[in-house]
Structure formats: C-alpha cells, structure tokens
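start-v3.cif follows (mmCIF, C-alpha atoms):
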```
data_coords
loop_
_atom_site.label_atom_id
_atom_site.label_comp_id
_atom_site.auth_asym_id
_atom_site.auth_seq_id
_atom_site.Cartn_x
_atom_site.Cartn_y
_atom_site.Cartn_z
CA MET H 1 -16.00 122.79 46.39
CA THR H 2 -17.95 121.13 49.16
CA GLU H 3 -17.67 117.78 50.92
CA THR H 4 -21.06 117.85 52.64
CA LEU H 5 -24.32 116.37 51.37
CA ILE H 6 -27.69 116.78 53.08
CA ILE H 7 -30.18 114.01 52.22
CA LEU H 8 -33.89 114.67 52.83
CA ALA H 9 -35.36 111.43 54.18
CA ALA H 10 -38.18 112.59 56.46
CA GLY H 11 -41.03 112.61 53.91
CA ALA H 12 -44.30 110.86 54.72
CA SER H 13 -44.05 108.62 51.59
CA SER H 14 -47.85 108.37 51.56
CA ARG H 15 -48.05 107.44 47.86
CA MET H 16 -45.61 104.58 48.34
CA LYS H 17 -47.46 103.23 51.40
CA LYS H 18 -50.83 103.49 49.66
CA THR H 19 -49.70 101.75 46.48
CA LEU H 20 -47.79 99.07 48.41
CA ALA H 21 -50.92 98.33 50.42
CA GLN H 22 -52.91 98.10 47.17
CA ALA H 23 -50.28 95.76 45.75
CA GLN H 24 -50.49 93.78 49.00
CA LYS H 25 -46.78 94.18 49.50
CA SER H 26 -47.07 96.03 52.77
CA ASP H 27 -44.67 93.53 54.37
CA LEU H 28 -42.00 95.19 52.21
CA MET H 29 -42.68 98.59 53.68
CA PRO H 30 -40.19 99.93 56.19
CA THR H 31 -41.07 103.21 57.86
CA ASN H 32 -39.31 105.09 55.05
CA LYS H 33 -39.15 104.45 51.30
CA ALA H 34 -35.40 105.21 51.28
CA LEU H 35 -35.02 101.92 53.17
CA ILE H 36 -37.10 99.77 50.81
CA PRO H 37 -35.16 96.54 50.21
CA LEU H 38 -34.11 96.04 46.60
CA GLY H 39 -33.08 92.88 44.77
CA THR H 40 -32.64 89.36 46.11
CA ALA H 41 -30.04 90.64 48.60
CA LYS H 42 -32.68 93.03 50.02
CA ILE H 43 -30.29 96.01 50.04
CA PRO H 44 -31.91 99.28 51.23
CA ALA H 45 -32.39 101.76 48.37
CA LEU H 46 -30.39 104.43 50.21
CA ASP H 47 -27.28 102.20 50.13
CA PHE H 48 -27.12 102.57 46.34
CA LEU H 49 -27.24 106.37 46.62
CA LEU H 50 -24.59 106.43 49.39
CA ASN H 51 -22.26 104.28 47.26
CA ASN H 52 -22.45 106.96 44.54
CA VAL H 53 -22.04 109.73 47.14
CA VAL H 54 -18.70 108.22 48.27
CA LYS H 55 -17.48 107.88 44.68
CA ALA H 56 -18.47 111.50 43.97
CA GLY H 57 -16.03 112.66 46.65
CA PHE H 58 -18.29 113.61 49.55
CA LYS H 59 -17.07 113.04 53.09
CA ASP H 60 -19.96 114.16 55.30
CA VAL H 61 -23.64 113.24 55.04
CA VAL H 62 -26.47 114.68 57.13
CA LEU H 63 -29.57 112.48 56.95
CA VAL H 64 -32.70 114.50 57.72
CA VAL H 65 -35.16 112.04 59.23
CA SER H 66 -38.36 112.18 61.25
CA ARG H 67 -38.36 111.45 64.97
CA GLY H 68 -38.40 107.73 65.72
CA SER H 69 -36.54 106.71 62.55
CA GLU H 70 -34.68 103.94 64.36
CA GLU H 71 -34.31 101.87 61.17
CA PHE H 72 -31.83 104.45 59.81
CA LYS H 73 -29.73 104.20 62.97
CA GLU H 74 -29.74 100.40 62.85
CA ARG H 75 -28.23 100.59 59.37
CA TYR H 76 -26.02 103.68 59.40
CA GLY H 77 -24.96 104.11 63.04
CA GLN H 78 -26.52 104.86 66.42
CA ARG H 79 -24.73 108.11 67.27
CA GLU H 80 -26.22 111.51 66.49
CA HIS H 81 -23.13 112.37 64.43
CA GLY H 82 -19.74 110.91 63.60
CA ASN H 83 -21.01 107.50 62.44
CA LEU H 84 -18.57 105.94 59.99
CA TYR H 85 -20.15 104.21 57.02
CA ARG H 86 -18.18 103.16 53.91
CA GLY H 87 -15.86 106.13 54.16
CA LEU H 88 -18.59 108.66 55.00
CA ARG H 89 -19.23 110.44 58.27
CA ILE H 90 -22.99 110.25 58.85
CA ALA H 91 -24.99 112.56 61.13
CA TYR H 92 -28.73 112.84 61.75
CA ALA H 93 -30.94 115.92 61.77
CA TYR H 94 -34.62 115.72 62.69
CA GLN H 95 -37.65 117.26 61.07
CA TYR H 96 -39.98 117.82 64.00
CA LEU H 97 -43.71 118.22 63.37
CA PRO H 98 -45.58 121.27 64.65
CA ASN H 99 -48.02 120.32 67.44
CA ASP H 100 -51.11 120.17 65.23
CA ALA H 101 -49.46 118.67 62.12
CA LEU H 102 -50.17 115.14 60.89
CA LYS H 103 -47.27 115.01 58.43
CA PRO H 104 -43.90 116.74 57.89
CA MET H 105 -44.13 120.36 56.75
CA GLY H 106 -42.22 120.00 53.47
CA THR H 107 -38.71 120.15 52.05
CA ALA H 108 -37.97 123.81 52.90
CA ASP H 109 -38.96 123.14 56.52
CA ALA H 110 -36.76 120.01 56.60
CA LEU H 111 -33.71 121.93 55.39
CA LEU H 112 -34.32 124.86 57.78
CA GLN H 113 -34.52 122.50 60.77
CA ALA H 114 -31.30 120.76 59.65
CA LEU H 115 -29.45 124.09 59.40
CA GLN H 116 -30.73 125.14 62.82
CA GLN H 117 -29.48 121.86 64.32
CA TYR H 118 -26.08 122.17 62.59
CA PRO H 119 -25.38 125.94 62.68
CA LYS H 120 -21.98 125.50 60.97
CA LEU H 121 -23.84 124.52 57.78
CA SER H 122 -25.67 127.84 57.69
CA SER H 123 -22.37 129.52 56.81
CA ALA H 124 -20.97 126.70 54.66
CA SER H 125 -21.75 125.32 51.22
CA PHE H 126 -23.40 121.93 50.75
CA VAL H 127 -25.23 119.79 48.22
CA LEU H 128 -28.81 118.71 48.93
CA CYS H 129 -30.88 115.86 47.50
CA ASN H 130 -33.82 113.52 48.06
CA ALA H 131 -33.36 110.09 49.65
CA ASP H 132 -35.65 108.30 47.17
CA ASN H 133 -33.86 109.22 43.92
CA LEU H 134 -30.72 107.42 42.78
CA TYR H 135 -28.53 110.25 41.49
CA SER H 136 -25.49 109.30 39.42
CA ILE H 137 -21.84 109.75 40.45
CA LYS H 138 -21.50 112.19 37.53
CA ALA H 139 -24.42 114.42 38.60
CA LEU H 140 -23.30 114.47 42.25
CA THR H 141 -19.69 115.25 41.26
CA LEU H 142 -20.68 118.08 38.89
CA LEU H 143 -22.63 119.83 41.65
CA ARG H 144 -19.99 119.19 44.32
CA GLN H 145 -17.31 120.78 42.12
CA CYS H 146 -19.49 123.61 40.81
CA ASP H 147 -18.02 127.08 41.46
CA ALA H 148 -21.37 128.88 41.79
CA PRO H 149 -22.51 129.47 45.40
CA ASN H 150 -26.04 128.29 44.53
CA ALA H 151 -26.80 125.79 41.77
CA LEU H 152 -29.38 123.27 40.58
CA MET H 153 -28.98 120.15 38.44
CA SER H 154 -31.50 120.04 35.60
CA TYR H 155 -32.41 116.90 33.68
CA ASP H 156 -33.25 116.80 29.98
CA ARG H 157 -36.80 115.51 29.77
CA ASP H 158 -35.91 113.35 26.73
CA ALA H 159 -33.38 111.35 28.78
CA LEU H 160 -35.76 110.70 31.67
CA LYS H 161 -37.71 107.47 31.20
CA PHE H 162 -40.89 108.82 32.77
CA PRO H 163 -44.27 109.47 31.13
CA ILE H 164 -45.19 113.16 30.80
CA THR H 165 -47.74 112.76 33.62
CA LYS H 166 -44.91 111.88 36.02
CA ILE H 167 -42.66 114.63 34.60
CA ARG H 168 -45.40 117.11 35.49
CA ALA H 169 -45.37 115.82 39.09
CA PHE H 170 -41.83 117.23 39.38
CA ALA H 171 -40.78 120.84 38.68
CA LEU H 172 -39.96 122.37 35.28
CA LEU H 173 -37.38 125.12 34.84
CA VAL H 174 -37.10 128.33 32.88
CA VAL H 175 -33.52 129.62 32.58
CA ASN H 176 -31.94 132.71 31.01
CA GLU H 177 -29.12 132.86 28.45
CA ASN H 178 -26.54 132.68 31.29
CA LYS H 179 -28.11 129.40 32.45
CA GLU H 180 -29.43 131.03 35.61
CA LEU H 181 -32.80 130.10 37.06
CA LEU H 182 -35.64 132.46 36.15
CA GLN H 183 -38.63 130.35 37.12
CA LEU H 184 -39.26 127.00 38.75
CA GLU H 185 -42.76 125.67 38.15
CA GLU H 186 -43.71 123.00 40.70
CA LYS H 187 -46.21 120.37 39.43
CA PRO H 188 -47.12 122.38 36.29
CA ASN H 189 -50.42 121.79 34.50
CA GLU H 190 -50.61 120.91 30.81
CA GLU H 191 -50.93 124.52 29.68
CA MET H 192 -47.91 125.69 31.71
CA THR H 193 -45.88 122.70 30.48
CA GLY H 194 -46.68 123.70 26.87
CA TRP H 195 -45.71 127.34 27.54
CA ILE H 196 -42.34 126.30 29.05
CA GLN H 197 -41.66 123.89 26.16
CA GLU H 198 -42.36 126.70 23.66
CA ARG H 199 -40.25 129.26 25.48
CA MET H 200 -37.27 126.99 26.22
CA ASN H 201 -37.58 124.74 23.15
CA ARG H 202 -37.06 121.83 25.55
CA LEU H 203 -38.11 120.72 29.01
CA LEU H 204 -35.61 120.87 31.86
CA VAL H 205 -36.73 118.96 34.94
CA SER H 206 -35.68 119.47 38.56
CA MET H 207 -35.15 116.24 40.50
CA ASN H 208 -34.35 118.17 43.69
CA LEU H 209 -30.56 118.03 43.44
CA TRP H 210 -29.14 121.39 44.61
CA LYS H 211 -26.02 123.13 45.82
CA PHE H 212 -26.53 125.96 48.31
CA ASN H 213 -24.53 128.55 50.19
CA GLY H 214 -25.95 128.14 53.70
CA SER H 215 -25.98 131.85 54.55
CA ASP H 216 -27.97 132.59 51.36
CA ILE H 217 -30.57 129.84 51.52
CA ILE H 218 -31.29 130.14 55.25
CA ARG H 219 -32.60 133.69 54.68
CA ALA H 220 -35.02 132.39 52.04
CA LEU H 221 -36.08 129.41 54.18
CA ARG H 222 -36.97 131.67 57.12
CA VAL H 223 -39.50 133.62 55.07
CA CYS H 224 -40.77 130.76 52.88
CA PRO H 225 -44.59 130.67 53.05
CA ILE H 226 -46.75 127.56 53.42
CA HIS H 227 -48.23 126.42 50.08
CA PRO H 228 -51.99 127.15 50.25
CA ILE H 229 -53.05 123.78 48.79
CA ARG H 230 -50.29 121.34 49.74
CA GLN H 231 -49.84 122.91 53.20
CA GLU H 232 -46.07 122.52 53.04
CA LYS H 233 -43.06 124.81 52.88
CA GLU H 234 -41.46 123.77 49.60
CA LEU H 235 -37.85 124.14 48.50
CA PRO H 236 -38.80 125.38 45.00
CA MET H 237 -40.59 128.34 46.61
CA ALA H 238 -37.55 129.09 48.79
CA ALA H 239 -35.40 128.97 45.63
CA GLN H 240 -37.69 131.49 43.91
CA ILE H 241 -37.35 133.79 46.95
CA LEU H 242 -33.56 133.38 46.80
CA VAL H 243 -33.50 134.46 43.14
CA LYS H 244 -36.24 137.11 43.01
CA ASP H 245 -36.31 138.70 46.46
CA LEU H 246 -32.73 138.19 47.67
CA SER H 247 -31.03 138.59 44.26
CA CYS H 248 -28.89 135.46 44.66
CA PRO H 249 -28.57 133.78 41.26
CA ILE H 250 -28.94 130.00 40.97
CA GLN H 251 -26.76 128.46 38.26
CA VAL H 252 -28.54 125.68 36.33
CA LEU H 253 -26.35 122.77 35.26
CA GLU H 254 -27.71 120.43 32.59
CA ILE H 255 -27.41 116.68 32.33
CA ALA H 256 -29.07 114.11 30.04
CA GLU H 257 -29.59 110.86 31.95
CA HIS H 258 -32.29 108.97 33.79
CA VAL H 259 -32.78 109.10 37.56
CA PRO H 260 -34.27 105.95 39.13
CA ASP H 261 -37.08 107.22 41.38
CA LEU H 262 -39.07 105.51 44.14
CA THR H 263 -42.44 107.22 44.40
CA ALA H 264 -44.94 104.36 44.16
CA ALA H 265 -44.91 100.56 44.53
CA SER H 266 -44.79 100.12 40.75
CA ASP H 267 -41.40 101.90 40.76
CA ILE H 268 -39.70 99.18 42.81
CA ALA H 269 -39.44 96.62 39.97
CA LEU H 270 -38.43 99.38 37.52
CA VAL H 271 -35.62 100.58 39.76
CA GLU H 272 -34.42 97.01 40.35
CA LYS H 273 -34.30 96.51 36.58
CA GLN H 274 -32.43 99.79 36.06
CA LEU H 275 -29.89 98.74 38.71
CA GLY H 276 -29.53 95.28 37.18
CA LEU H 277 -31.01 93.57 40.24
CA HIS H 278 -33.21 90.65 39.34
CA HIS H 279 -35.30 88.53 41.64
#
```
Represent the structure contained in this file as structure tokens.
Amino acid sequence: MTETLIILAAGASSRMKKTLAQAQKSDLMPTNKALIPLGTAKIPALDFLLNNVVKAGFKDVVLVVSRGSEEFKERYGQREHGNLYRGLRIAYAYQYLPNDALKPMGTADALLQALQQYPKLSSASFVLCNADNLYSIKALTLLRQCDAPNALMSYDRDALKFPITKIRAFALLVVNENKELLQLEEKPNEEMTGWIQERMNRLLVSMNLWKFNGSDIIRALRVCPIHPIRQEKELPMAAQILVKDLSCPIQVLEIAEHVPDLTAASDIALVEKQLGLHH
C-alpha cells in the first residue's frame, strides 16, 4: 500500500490552447490546463482531483511541472517540498526540456526526471496519474491499496461518455486470463480497435492511472525510445518494455465509470456539468 501520488502536469496542452483561442476564451487560459478555473467560483480543475486524492488516503503528492510554473506555487505552496495543502504534503519535480526541444519530451521522460529528482521514489511504490483527468476516489483507492507491485486501472469503454473517436485518442488494452497486461495500443486506428474488440469482447481503455514499483519502472524508463512520429518518450511504451523485456507483470484492474477529461475547450462546459457546477 502506498501513500504517494505523482501527478503529471508538465504537458504542453497545445490542443486546449488552440481550441480556447478558437473559442475566443483565451482569457481563461492559465499556463496549464490543470489550473483552468471551473464553475462560478473559478476553482482550478486540479483542486477537484486533489480533494479526491485526500479522500483516497494519499499523504504525499509530487506535482511534475515545467520550469516557470509559478501559478502552481501560488496555489499549492512556494517551497520545493513539504507544502501543506488540505492534509497533503505537496512537492514539485520539474520536467526540463532538452536544449533543442520546443515542448516537453513526453510522459515517460516526465516520470524519469521526477524519479531522478526524488531518488527515494525509485525504490518505493507510488501511484501515477494525469493532472487533467478527474479520477474518482474509488479508482484512486483501488490502485493505492492494490497488492501488485505494478498495476494499471482500465476503464470499460461503455461507461466512458466519450465518442469512439476520442476513445481512440487514448490507449486500448489487451489482457490475459490473469488480468495481466499483454498489449497497450496507444492511439489505435479503426482496424486495430476492431481487432482488440473482437479479441477481448470489450474495449478496456487506459486513462493513464498507474501504480508502479519505482525500481522496476525506472529501468524501463531509462531505455524507453522516442516515438518516431510524436517525438516523445511515452509511458505506454515504457510499460510494454516493463512487461515484455523486463518480465515484470502489470496487473490490470477494471472499473466502469466515466472520467471527466480536459483536453479541449469544448470539454470545460462538459466537465462543469459532470461536477454539478453551473454558471
């Protein structure tokens, strides 16, 4: 059982910025979509996730941010670590950009940099998630209490209120009879989606909610290649390396519920509705 959660909040959020600009709501846009103000009270989106994190029993949160993310510090504490926020201890890790890079190098790179900055985590267990998804208390608790060293929460496609086009922007899972991960297909095309549906008789979706043993995953992160098209080091690829090359099984837990998700400007009103926040 772990008490530590790492939240990935250093993404470029280019889709959100682009669609907000198109919707002429750019005044809404903080530097990071996790801080988008929701409802009439203008509460940052991340607050809703952190409220669930406390109720799920976590004590420590490491926020992985990009350099210059002062807005996070204004809200959650100015110190590098040991900030107290609603019963959580909050620390910051930074995803630095390589000299020639214009954007962060992906989720696997973000986690590797966090583990290098907090070496204790590379021999501990922790849960990991995105900053722009509102995971439930139940899902967070199930992973926190999971006995397996490495695990992944999977979501039943039928319970997710997304169109299939958006489902295919996430990752789909193939699991064996022991509910261990065999294959994780990032952004699958229509044909691959059909093949997985036929093989599994259902679609299980990854929303990037994981539990890892630090000493296992750091080995996979160190050798994770850059994706040839997206030019990022992606966590799903590191997970495949963990399973296939390092022979560390990943237990797949299943849940049937929706996850409010902030990818584009059109998601803001949807998420507010799902949270019962009305302007």
Could you pull the residues within 12 Å of Lys244 of chain H, counting only C-alpha atoms, minus those fewer than 3 positions along the same chain, as a ChimeraX atom specification? /H:180-184,220,237-241,247-250
Which polymer residues, whether protein, DNA or RNA, lie within 8 Å of the coordinate (-39.7, 120.7, 32.1) when you count all atoms listed in the file? List them as a PyMOL selection string, using the chain letters and numbers from the file. chain H and resi 156-157+167-168+171-173+193+196-197+202-206
Ala9 of chain H: which residues within 10 Å, counting all atoms listed in the file, same-chain residues fewer than 5 positions away excluded, as a ChimeraX atom specification? /H:32-35,46,62-66,69,72,93-95,107,110,129-132
Could you check the closest approach to Tyr92 of chain H for each of H:Leu8, H:Leu242, H:Leu143, H:Leu152 and tell me which residue wins, using only C-alpha atoms? H:Leu8
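Here atom CA of Arg199 of chain H and atom CA of His258 of chain H stand 23.3 Å from one another.
Comparing the minimum interatomic distances between Pro225 of chain H and each of H:Asn189, H:Ala108, H:Lys161, H:Val252, counting all atoms listed in the file, we find that H:Ala108 sits nearest.
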For Arg75 of chain H, please output as a list in words all residues within 12 Å (counting all atoms listed in the file; exclusion window: fewer than 5 positions along the same chain). Ala34, Leu35, Ile43, Pro44, Ala45, Leu46, Asp47, Ser69, Glu70, Asn83, Leu84, Tyr85, Arg86 and Ile90 of chain H
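Coordinates place atom CA of Asp60 of chain H at a distance of 22.5 Å from atom CA of Val259 of chain H.
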Looking at H:Val175, H:Ile229, H:Leu50, H:Val223, which one is nearest to Ser154 of chain H, with distances taken over only C-alpha atoms?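 So, comparing all the options, the nearest one is H:Val175.
Minimum atom-to-atom distance to Val61 of chain H, evaluated using all atoms listed in the file, belongs to H:Thr4 out of H:Asn133, H:Gln78, H:Ser266, H:Thr4.
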Between H:Leu128, H:Leu121, H:Met192, H:Ala114, single out the one closest to Gly214 of chain H, counting all atoms listed in the file.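 The closest residue to Gly214 of chain H is H:Leu121.
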Option closest in space to Val174 of chain H, from H:Ser215, H:Thr263, H:Gln251, H:Asn52 [counting all atoms listed in the file]: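 Going through H:Ser215, H:Thr263, H:Gln251, H:Asn52 one by one, the smallest distance to Val174 of chain H is for H:Gln251.
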So what does the PyMOL selection byres ((chain H and resi 272-278) around 12) actually pick up in this one, as a VMD selection string? chain H and resid 36 to 45 48 to 49 134 to 136 161 258 to 262 265 to 271 279
The PyMOL selection byres ((chain H and resi 127) around 12) resolved against shown file, as number ranges by chain: H: 1-8, 53, 56-62, 111, 121, 124-126, 128-130, 139-146, 148-153, 208-214, 217
N, CA and C atoms modelled onto segment 61-74 of chain H, as a short mmCIF file (atom, residue, chain, number, x, y, z; two decimals), in the frame of the given file:
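That gives us selection.cif:
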```
data_model
loop_
_atom_site.label_atom_id
_atom_site.label_comp_id
_atom_site.auth_asym_id
_atom_site.auth_seq_id
_atom_site.Cartn_x
_atom_site.Cartn_y
_atom_site.Cartn_z
N VAL H 61 -22.24 113.33 55.42
CA VAL H 61 -23.64 113.24 55.04
C VAL H 61 -24.50 113.54 56.26
N VAL H 62 -25.46 114.45 56.09
CA VAL H 62 -26.47 114.68 57.13
C VAL H 62 -27.78 114.11 56.62
N LEU H 63 -28.28 113.09 57.30
CA LEU H 63 -29.57 112.48 56.95
C LEU H 63 -30.66 113.19 57.74
N VAL H 64 -31.59 113.84 57.04
CA VAL H 64 -32.70 114.50 57.72
C VAL H 64 -33.84 113.50 57.81
N VAL H 65 -34.15 113.07 59.02
CA VAL H 65 -35.16 112.04 59.23
C VAL H 65 -36.24 112.56 60.18
N SER H 66 -37.33 111.80 60.28
CA SER H 66 -38.36 112.18 61.25
C SER H 66 -38.04 111.51 62.58
N ARG H 67 -38.60 112.03 63.64
CA ARG H 67 -38.36 111.45 64.97
C ARG H 67 -38.80 109.98 64.99
N GLY H 68 -38.02 109.14 65.64
CA GLY H 68 -38.40 107.73 65.72
C GLY H 68 -37.96 106.91 64.53
N SER H 69 -37.03 107.45 63.72
CA SER H 69 -36.54 106.71 62.55
C SER H 69 -35.39 105.79 62.97
N GLU H 70 -35.72 104.83 63.82
CA GLU H 70 -34.68 103.94 64.36
C GLU H 70 -34.06 103.05 63.29
N GLU H 71 -34.83 102.75 62.23
CA GLU H 71 -34.31 101.87 61.17
C GLU H 71 -33.06 102.46 60.51
N PHE H 72 -33.02 103.80 60.37
CA PHE H 72 -31.83 104.45 59.81
C PHE H 72 -30.63 104.19 60.72
N LYS H 73 -30.84 104.36 62.01
CA LYS H 73 -29.73 104.20 62.97
C LYS H 73 -29.23 102.76 63.02
N GLU H 74 -30.15 101.82 62.86
CA GLU H 74 -29.74 100.40 62.85
C GLU H 74 -28.80 100.12 61.68
#
```
